[in-house]
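Below is one structure, written out as structure tokens; the observations come after it.
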Amino acid sequence: MSNPIIFCPHCLEERAYHTIEKKEVYPVKGEPVEITATVAVCDACGEEIFQPDLDNANLLLAYDVYRRKHKLLFPAEIKSIREKYGLSQRKFAKLLGWGEITVHRYEAGALQDIAHNDVLKLLQDPLNMQRLLEQRQSELDEKEYKKLAGTVRDALEQTKKERLRDCIVMNYFNNESNIYTGNRPFDLDKFAAMILFFAGVMSGMLYKTMMWKLLWYADMVHFRRHDRSISGAHYAHLPYGPVPDEHDLLLSQLRSEGIIDVTPQIRGETIKGKVDLSANAFTPEEMDTLTHIAKTFQKFNTRRISEYSHKEKGYMETQDGQYISYAYTKELSLQ
Ligand SMILES: [Zn+2]
């Protein structure tokens with residue numbers, strides 16, 4: 001196959017050309033972006049020739065580099081947000097109050113406006129889509145509105161569990177890292193993994209009240225050893241011993257996510273794991289601590305571990321409902 005032909009402004013004649021790759025800088029929104037560009041070169045004189053299709057492809061490449069750097073959505077992502085709500089490009093633009101072809105242009109690769117990008121990112125969350133929909137209800141005919149409202153409700157339903165999980169971690173624990181969380185922010189995954197670990201060790205007979213004490217000891221001992229707890233949970237003094245703050249909420253969340261099962265027994269509830277503990281859930285140091293705690297309390301029943309924990313200074317010196325500082329690990333009976 002012979003090379004394509006183009007008018008060469010240097011030879012002033014139609015010439016065959018080939019392509020080469022070279023580093024080139026494209027300005028994108030006033031910012032220089034370096035890419036490996038594909039450019040046309042005249043077969044006869046060896047000079048570069050402007051070729052509109054290649055130039056366009058290079059520009060799109062530069063846009064991608066720019067998008068990655070500024071964390072802008074990619075055209076395919078914009079399309080998938082729109083499709084998630086079952087909207088045509090035109091209807092999506094109308095809902096957003098944008099020009100009719102704006103969405104079409106973005107999906108075809110045009111670089112989006114930053115403000116538009118922010119709006120699109122927000123709309124990844126169906127809760128925001130629902131808000132927008134309420135606001136613009138009058139712009140849509142009733143049939144359109146009902147259909148979209150249904151789609152948004154379904155999307156919301158699907159993200160409910162994640163949403164709840166985010167809420168729990170954000171609101172109840174506020175992502176703090178201090179002496180009451182053992183110098184690390186609360187990590188619900190680690191917390192769940194610790195429960196799975198102890199549930200596995202206690203093979204089906206892990207009582208809830210016992211479990212809270214095992215978690216407390218594991219977090220405290222790990223803090224003593226490494227200046228950092230495992231889960232980041234804060235523990236409160238309750239009449240029957242130290243328990244993680246919002247323990248019921250956490251358990252019901254893990255239960256609803258299908259991670260654990262809680263079974264009522266004559267003498268309280270037992271916890272069972274419903275998923276396997278992932279092999280890299282813990283660092284080797286964390287695993288050491290957990291194994292040490294499991295060995296120490298293996299032969300204990302709930303009452304014995306409760307009595308044991310009640311003699312810890314961190315428990316004795318706090319009142320009902322008060323948080324127990326990890327600073328008490330210095331006086332902990334275990335190392
Ligand atoms: Zn030429």
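To be explicit about the labels: the chains of the structure tokens are called A, B, and onward in the order shown, and within each one the residues are counted from 1, while ligands get numbers from 1 in the order they are shown.
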Go through chain A residue by residue and, counting only C-alpha atoms and all ligand atoms, keep those with an atom at most 7 Å from ligand 1; for each kept residue give the shortest atom pair and its distance in Å to one decimal, ordered by chain and increasing number, as CSV.
residue,atom,partner,partner_atom_place_in_ligand_line,distance
A:Cys8,CA,ligand 1,1 (Zn),4.7
A:Pro9,CA,ligand 1,1 (Zn),6.7
A:His10,CA,ligand 1,1 (Zn),4.9
A:Cys11,CA,ligand 1,1 (Zn),4.2
A:Arg15,CA,ligand 1,1 (Zn),6.4
A:Cys42,CA,ligand 1,1 (Zn),4.6
A:Asp43,CA,ligand 1,1 (Zn),6.7
A:Ala44,CA,ligand 1,1 (Zn),5.2
A:Cys45,CA,ligand 1,1 (Zn),4.1
A:Gly46,CA,ligand 1,1 (Zn),6.2
A:Glu47,CA,ligand 1,1 (Zn),5.9
Only C-alpha atoms, please: the residues just picked out, written as a JSON list (two decimals), in the first residue's frame.
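So selection-v4.json came out as:
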[["chain", "number", "residue", "atom", "x", "y", "z"],
["A", 8, "CYS", "CA", 3.24, 19.81, 0.95],
["A", 9, "PRO", "CA", 3.64, 23.57, 1.55],
["A", 10, "HIS", "CA", 7.39, 23.18, 1.30],
["A", 11, "CYS", "CA", 7.49, 21.35, -2.03],
["A", 15, "ARG", "CA", 3.28, 14.54, -1.92],
["A", 42, "CYS", "CA", 6.76, 14.70, 3.54],
["A", 43, "ASP", "CA", 8.35, 11.70, 1.79],
["A", 44, "ALA", "CA", 10.13, 14.00, -0.65],
["A", 45, "CYS", "CA", 11.53, 16.92, 1.40],
["A", 46, "GLY", "CA", 11.38, 15.42, 4.91],
["A", 47, "GLU", "CA", 9.62, 18.49, 6.37]]
Taking 3 positions as the minimum chain separation for residues in the same chain, which residues sit within 10 Å of Thr263 (chain A) when counting only C-alpha atoms? Answer as a list in words.
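Using only C-alpha atoms, the neighbours found are Gly204, Tyr207, Lys208, Ile260, Gly268, Glu269, Thr270, Ile271 and Lys272 of chain A.
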Spatial neighbours of Ser333 (chain A), max dist 9 Å, only C-alpha atoms, sep filter under 3 positions, as a ChimeraX atom specification:
/A:311-313,329-330
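Distance-wise, CA of Lys84 (chain A) and CA of Gln112 (chain A) end up 19.4 Å apart.
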Name the residues in contact with Ala57 (chain A) at a cut-off of 12 Å, using only C-alpha atoms, excluding same-chain residues fewer than 6 positions from it; report them as number ranges by chain.
A: 26, 35-39, 51, 63-64, 109-110
What lies within 12 Å of Ile81 (chain A) using only C-alpha atoms, ignoring chain neighbours under 2 positions off, as a PDB file with N, CA, C and O atoms, in the first residue's frame?
ATOM      1  N   LEU A  73     -13.203  14.313  34.696  1.00  0.00           N
ATOM      2  CA  LEU A  73     -13.837  13.101  34.190  1.00  0.00           C
ATOM      3  C   LEU A  73     -13.440  12.860  32.740  1.00  0.00           C
ATOM      4  O   LEU A  73     -13.253  13.807  31.970  1.00  0.00           O
ATOM      5  N   PHE A  74     -13.333  11.611  32.359  1.00  0.00           N
ATOM      6  CA  PHE A  74     -13.071  11.247  30.971  1.00  0.00           C
ATOM      7  C   PHE A  74     -14.405  11.125  30.229  1.00  0.00           C
ATOM      8  O   PHE A  74     -15.434  10.895  30.852  1.00  0.00           O
ATOM      9  N   PRO A  75     -14.373  11.297  28.906  1.00  0.00           N
ATOM     10  CA  PRO A  75     -15.629  11.232  28.140  1.00  0.00           C
ATOM     11  C   PRO A  75     -16.469   9.985  28.456  1.00  0.00           C
ATOM     12  O   PRO A  75     -17.682  10.089  28.629  1.00  0.00           O
ATOM     13  N   ALA A  76     -15.806   8.835  28.580  1.00  0.00           N
ATOM     14  CA  ALA A  76     -16.550   7.598  28.862  1.00  0.00           C
ATOM     15  C   ALA A  76     -17.218   7.659  30.240  1.00  0.00           C
ATOM     16  O   ALA A  76     -18.297   7.099  30.444  1.00  0.00           O
ATOM     17  N   GLU A  77     -16.565   8.346  31.178  1.00  0.00           N
ATOM     18  CA  GLU A  77     -17.141   8.465  32.516  1.00  0.00           C
ATOM     19  C   GLU A  77     -18.373   9.371  32.492  1.00  0.00           C
ATOM     20  O   GLU A  77     -19.374   9.102  33.163  1.00  0.00           O
ATOM     21  N   ILE A  78     -18.279  10.430  31.705  1.00  0.00           N
ATOM     22  CA  ILE A  78     -19.426  11.343  31.576  1.00  0.00           C
ATOM     23  C   ILE A  78     -20.601  10.576  30.982  1.00  0.00           C
ATOM     24  O   ILE A  78     -21.730  10.668  31.467  1.00  0.00           O
ATOM     25  N   LYS A  79     -20.286   9.792  29.978  1.00  0.00           N
ATOM     26  CA  LYS A  79     -21.334   9.006  29.339  1.00  0.00           C
ATOM     27  C   LYS A  79     -21.968   8.027  30.333  1.00  0.00           C
ATOM     28  O   LYS A  79     -23.190   7.874  30.377  1.00  0.00           O
ATOM     29  N   GLU A  83     -25.825   7.616  31.425  1.00  0.00           N
ATOM     30  CA  GLU A  83     -26.535   6.360  31.166  1.00  0.00           C
ATOM     31  C   GLU A  83     -27.067   5.697  32.435  1.00  0.00           C
ATOM     32  O   GLU A  83     -28.082   5.003  32.402  1.00  0.00           O
ATOM     33  N   LYS A  84     -26.362   5.953  33.525  1.00  0.00           N
ATOM     34  CA  LYS A  84     -26.811   5.429  34.818  1.00  0.00           C
ATOM     35  C   LYS A  84     -28.247   5.878  35.114  1.00  0.00           C
ATOM     36  O   LYS A  84     -29.019   5.170  35.753  1.00  0.00           O
ATOM     37  N   TYR A  85     -28.597   7.068  34.626  1.00  0.00           N
ATOM     38  CA  TYR A  85     -29.940   7.599  34.869  1.00  0.00           C
ATOM     39  C   TYR A  85     -30.849   7.441  33.644  1.00  0.00           C
ATOM     40  O   TYR A  85     -31.941   8.018  33.600  1.00  0.00           O
ATOM     41  N   GLY A  86     -30.367   6.684  32.670  1.00  0.00           N
ATOM     42  CA  GLY A  86     -31.185   6.389  31.499  1.00  0.00           C
ATOM     43  C   GLY A  86     -31.590   7.613  30.696  1.00  0.00           C
ATOM     44  O   GLY A  86     -32.678   7.658  30.130  1.00  0.00           O
ATOM     45  N   LEU A  87     -30.706   8.624  30.638  1.00  0.00           N
ATOM     46  CA  LEU A  87     -31.059   9.865  29.935  1.00  0.00           C
ATOM     47  C   LEU A  87     -30.375   9.964  28.583  1.00  0.00           C
ATOM     48  O   LEU A  87     -29.237   9.511  28.423  1.00  0.00           O
ATOM     49  N   SER A  88     -31.062  10.591  27.602  1.00  0.00           N
ATOM     50  CA  SER A  88     -30.416  10.897  26.336  1.00  0.00           C
ATOM     51  C   SER A  88     -29.514  12.114  26.567  1.00  0.00           C
ATOM     52  O   SER A  88     -29.654  12.816  27.565  1.00  0.00           O
ATOM     53  N   GLN A  89     -28.591  12.336  25.638  1.00  0.00           N
ATOM     54  CA  GLN A  89     -27.699  13.498  25.774  1.00  0.00           C
ATOM     55  C   GLN A  89     -28.495  14.793  25.879  1.00  0.00           C
ATOM     56  O   GLN A  89     -28.191  15.676  26.664  1.00  0.00           O
ATOM     57  N   PHE A  92     -30.364  15.044  29.252  1.00  0.00           N
ATOM     58  CA  PHE A  92     -29.391  15.267  30.323  1.00  0.00           C
ATOM     59  C   PHE A  92     -28.985  16.743  30.342  1.00  0.00           C
ATOM     60  O   PHE A  92     -28.968  17.391  31.391  1.00  0.00           O
ATOM     61  N   VAL A 103     -23.420  18.242  26.199  1.00  0.00           N
ATOM     62  CA  VAL A 103     -23.122  16.878  26.657  1.00  0.00           C
ATOM     63  C   VAL A 103     -22.566  16.046  25.498  1.00  0.00           C
ATOM     64  O   VAL A 103     -21.605  15.288  25.665  1.00  0.00           O
ATOM     65  N   GLU A 107     -18.924  14.179  25.505  1.00  0.00           N
ATOM     66  CA  GLU A 107     -18.793  12.723  25.328  1.00  0.00           C
ATOM     67  C   GLU A 107     -17.960  12.393  24.092  1.00  0.00           C
ATOM     68  O   GLU A 107     -17.378  11.320  23.989  1.00  0.00           O
ATOM     69  N   ASN A 117     -17.628  20.114  35.101  1.00  0.00           N
ATOM     70  CA  ASN A 117     -17.027  18.887  35.621  1.00  0.00           C
ATOM     71  C   ASN A 117     -17.438  18.638  37.078  1.00  0.00           C
ATOM     72  O   ASN A 117     -17.762  17.522  37.462  1.00  0.00           O
ATOM     73  N   VAL A 119     -20.120  19.654  38.589  1.00  0.00           N
ATOM     74  CA  VAL A 119     -21.528  19.242  38.641  1.00  0.00           C
ATOM     75  C   VAL A 119     -21.661  17.769  38.272  1.00  0.00           C
ATOM     76  O   VAL A 119     -22.338  16.989  38.952  1.00  0.00           O
ATOM     77  N   LEU A 120     -20.988  17.371  37.203  1.00  0.00           N
ATOM     78  CA  LEU A 120     -21.064  15.972  36.762  1.00  0.00           C
ATOM     79  C   LEU A 120     -20.552  15.016  37.838  1.00  0.00           C
ATOM     80  O   LEU A 120     -21.145  13.974  38.095  1.00  0.00           O
ATOM     81  N   LYS A 121     -19.455  15.422  38.478  1.00  0.00           N
ATOM     82  CA  LYS A 121     -18.905  14.566  39.542  1.00  0.00           C
ATOM     83  C   LYS A 121     -19.911  14.397  40.671  1.00  0.00           C
ATOM     84  O   LYS A 121     -20.078  13.309  41.212  1.00  0.00           O
ATOM     85  N   LEU A 122     -20.571  15.488  41.023  1.00  0.00           N
ATOM     86  CA  LEU A 122     -21.580  15.403  42.090  1.00  0.00           C
ATOM     87  C   LEU A 122     -22.713  14.454  41.700  1.00  0.00           C
ATOM     88  O   LEU A 122     -23.264  13.759  42.533  1.00  0.00           O
ATOM     89  N   LEU A 123     -23.030  14.461  40.397  1.00  0.00           N
ATOM     90  CA  LEU A 123     -24.154  13.643  39.949  1.00  0.00           C
ATOM     91  C   LEU A 123     -23.836  12.147  39.904  1.00  0.00           C
ATOM     92  O   LEU A 123     -24.719  11.325  39.679  1.00  0.00           O
ATOM     93  N   GLN A 124     -22.572  11.796  40.152  1.00  0.00           N
ATOM     94  CA  GLN A 124     -22.254  10.378  40.283  1.00  0.00           C
ATOM     95  C   GLN A 124     -23.007   9.810  41.489  1.00  0.00           C
ATOM     96  O   GLN A 124     -23.326   8.641  41.532  1.00  0.00           O
ATOM     97  N   ASP A 125     -23.259  10.672  42.452  1.00  0.00           N
ATOM     98  CA  ASP A 125     -24.002  10.277  43.638  1.00  0.00           C
ATOM     99  C   ASP A 125     -25.493  10.483  43.390  1.00  0.00           C
ATOM    100  O   ASP A 125     -25.945  11.607  43.189  1.00  0.00           O
ATOM    101  N   PRO A 126     -26.283   9.403  43.400  1.00  0.00           N
ATOM    102  CA  PRO A 126     -27.717   9.535  43.096  1.00  0.00           C
ATOM    103  C   PRO A 126     -28.469  10.467  44.042  1.00  0.00           C
ATOM    104  O   PRO A 126     -29.507  11.023  43.669  1.00  0.00           O
ATOM    105  N   MET A 129     -28.377  13.657  42.417  1.00  0.00           N
ATOM    106  CA  MET A 129     -29.255  13.629  41.255  1.00  0.00           C
ATOM    107  C   MET A 129     -30.695  13.835  41.707  1.00  0.00           C
ATOM    108  O   MET A 129     -31.464  14.548  41.074  1.00  0.00           O
ATOM    109  N   VAL A 152     -33.647   7.055  39.688  1.00  0.00           N
ATOM    110  CA  VAL A 152     -32.815   7.604  40.759  1.00  0.00           C
ATOM    111  C   VAL A 152     -33.067   6.848  42.067  1.00  0.00           C
ATOM    112  O   VAL A 152     -32.129   6.535  42.799  1.00  0.00           O
ATOM    113  N   ALA A 155     -31.194   3.644  41.924  1.00  0.00           N
ATOM    114  CA  ALA A 155     -29.756   3.882  42.095  1.00  0.00           C
ATOM    115  C   ALA A 155     -29.441   4.159  43.569  1.00  0.00           C
ATOM    116  O   ALA A 155     -28.427   3.699  44.102  1.00  0.00           O
TER     117      ALA A 155
END
